[in-house]
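Coordinates as given in query09.cif (mmCIF, C-alpha atoms and all ligand atoms):
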```cif
data_target
#
loop_
_atom_site.label_atom_id
_atom_site.label_comp_id
_atom_site.auth_asym_id
_atom_site.auth_seq_id
_atom_site.Cartn_x
_atom_site.Cartn_y
_atom_site.Cartn_z
CA MET A 1 145.81 112.84 143.46
CA GLU A 2 144.24 110.32 141.13
CA SER A 3 143.65 111.83 137.68
CA PHE A 4 143.71 110.79 134.03
CA GLU A 5 143.28 112.39 130.61
CA CYS A 6 139.64 112.98 129.77
CA PRO A 7 138.48 110.45 127.15
CA ASN A 8 135.74 112.87 126.03
CA CYS A 9 137.55 116.12 125.24
CA MET A 10 141.16 114.81 125.39
CA VAL A 11 142.18 118.14 126.91
CA GLY A 12 141.00 118.22 130.48
CA ARG A 13 141.89 115.93 133.27
CA CYS A 14 139.46 113.81 135.20
CA ARG A 15 139.92 114.14 138.93
CA LEU A 16 138.41 112.10 141.70
CA GLU A 17 135.67 113.98 143.51
CA HIS A 18 132.97 113.10 145.97
CA GLN A 19 129.52 113.92 144.67
CA THR A 20 125.95 112.86 145.09
CA PHE A 21 125.44 110.55 142.18
CA VAL A 22 121.91 110.34 140.81
CA THR A 23 120.85 108.05 138.02
CA ARG A 24 117.59 106.70 136.65
CA TYR A 25 117.00 103.00 136.64
CA GLY A 26 113.77 101.39 135.52
CA LYS A 27 110.90 103.47 136.88
CA GLY A 28 112.81 104.89 139.83
CA ILE A 29 115.75 107.08 140.66
CA PHE A 30 118.86 105.82 142.35
CA CYS A 31 120.67 108.34 144.54
CA ALA A 32 124.05 107.67 146.13
CA PRO A 33 125.43 110.49 148.30
CA ASN A 34 129.16 111.04 148.70
CA THR A 35 130.10 108.84 145.76
CA GLU A 36 133.54 108.78 144.16
CA VAL A 37 133.26 110.19 140.64
CA TYR A 38 135.94 111.23 138.16
CA VAL A 39 135.01 114.67 136.86
CA CYS A 40 136.71 116.42 133.92
CA ASP A 41 137.78 119.96 134.77
CA MET A 42 137.31 121.06 131.14
CA CYS A 43 134.09 119.58 129.74
CA GLY A 44 132.39 118.28 132.86
CA TYR A 45 132.52 114.69 131.68
CA HIS A 46 132.15 112.31 134.56
CA GLU A 47 132.96 108.69 134.97
CA LEU A 48 132.43 106.29 137.82
CA PRO A 49 135.40 104.32 139.08
CA HIS A 50 135.14 100.62 138.35
CA ARG A 51 134.77 99.70 142.01
CA VAL A 52 131.78 102.06 142.32
CA LEU A 53 130.22 100.65 139.15
CA THR A 54 130.43 97.11 140.40
CA LEU A 55 128.95 98.19 143.73
CA PHE A 56 126.03 99.93 142.00
CA ASP A 57 125.56 96.91 139.81
CA LYS A 58 124.94 94.83 142.89
CA LEU A 59 122.62 97.43 144.41
CA LEU A 60 120.57 98.15 141.28
CA LYS A 61 120.25 94.65 139.92
CA PRO A 62 118.89 92.28 142.50
CA PRO A 63 120.51 88.85 142.42
CA ASP A 64 119.63 87.04 139.22
CA THR A 65 115.84 86.88 138.90
CA ASN A 66 115.95 83.44 137.31
CA TYR A 67 117.89 82.23 140.30
CA THR A 68 115.53 83.65 142.95
CA GLN A 69 112.20 83.08 141.20
CA SER A 70 112.27 79.34 140.75
CA PRO A 71 112.69 78.30 144.41
CA SER A 72 110.17 80.84 145.76
CA SER A 73 107.46 80.09 143.19
CA SER A 74 107.76 76.37 143.82
CA ALA A 75 107.46 77.06 147.56
CA ILE A 76 104.24 79.03 146.97
CA LEU A 77 102.87 76.23 144.82
CA SER A 78 103.51 73.64 147.50
CA GLU A 79 101.83 75.91 150.09
CA LYS A 80 98.72 76.17 147.91
CA THR A 81 98.54 72.45 147.44
CA ASN A 82 98.84 71.95 151.19
CA LEU A 83 95.96 74.39 151.76
CA LYS A 84 93.76 72.56 149.27
CA LYS A 85 94.45 69.29 150.97
CA LEU A 86 93.58 70.83 154.35
CA SER A 87 90.33 72.42 153.13
CA ARG A 88 89.12 69.10 151.79
CA MET A 89 89.51 67.50 155.18
ZN ZN B 101 136.77 116.53 129.26
#
```
Using the file provided, produce a representation of the structure as structure tokens.
Amino acid sequence: MESFECPNCMVGRCRLEHQTFVTRYGKGIFCAPNTEVYVCDMCGYHELPHRVLTLFDKLLKPPDTNYTQSPSSSAILSEKTNLKKLSRM
């Protein structure tokens, strides 16, 4: 079984468990059922495995906003200009 010394209390051992992980992000709550979490059997400290963290990172943070905003806003602008041209005709 995967386990390591607890970095919080240095006494217990963190073991891999499956839990419903709930965290707040922004104005909402993110809930992930049956998530792999390392839980300390002494102090209750819990830590997410790196692979779960990276997965949540992708889920919680939509692809870079700077990257997605510029093409879509320019598309809207061109649509508006097309409408103006049409209404004048
Ligand atoms: Zn601990």
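With distances taken from (141.5, 117.0, 130.1) and restricted to only C-alpha atoms, the residues inside 12 Å are Ser3, Phe4, Glu5, Cys6, Pro7, Asn8, Cys9, Met10, Val11, Gly12, Arg13, Cys14, Arg15, Tyr38, Val39, Cys40, Asp41, Met42, Cys43, Gly44, Tyr45 and His46 of chain A.
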Q: May I ask which of the residues A:Lys61, A:Glu2, A:Arg51, A:Phe56 is the closest one to Val22 of chain A, counting only C-alpha atoms?
A: A:Phe56
(Q) Measuring between only C-alpha atoms and all ligand atoms, which one of A:Gly26, A:Leu53, A:Glu47, A:His18 shows the shortest distance to ligand ZN 101 (chain B)? (A) A:Glu47
**Q.** Residue nearest Val37 of chain A among A:His50, A:Tyr25, A:Gln19, A:Asp57 (counting all atoms listed in the file)
**A.** A:Gln19
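The space between atom CA of Gly28 of chain A and atom CA of Pro49 of chain A spans 22.6 Å.
Taking atom CA of Lys58 of chain A and atom CA of Lys27 of chain A as endpoints, the distance between them is 17.5 Å.
Atom pair atom CA of Leu16 of chain A / atom CA of Leu59 of chain A has a distance of 21.7 Å (rounded to one decimal).
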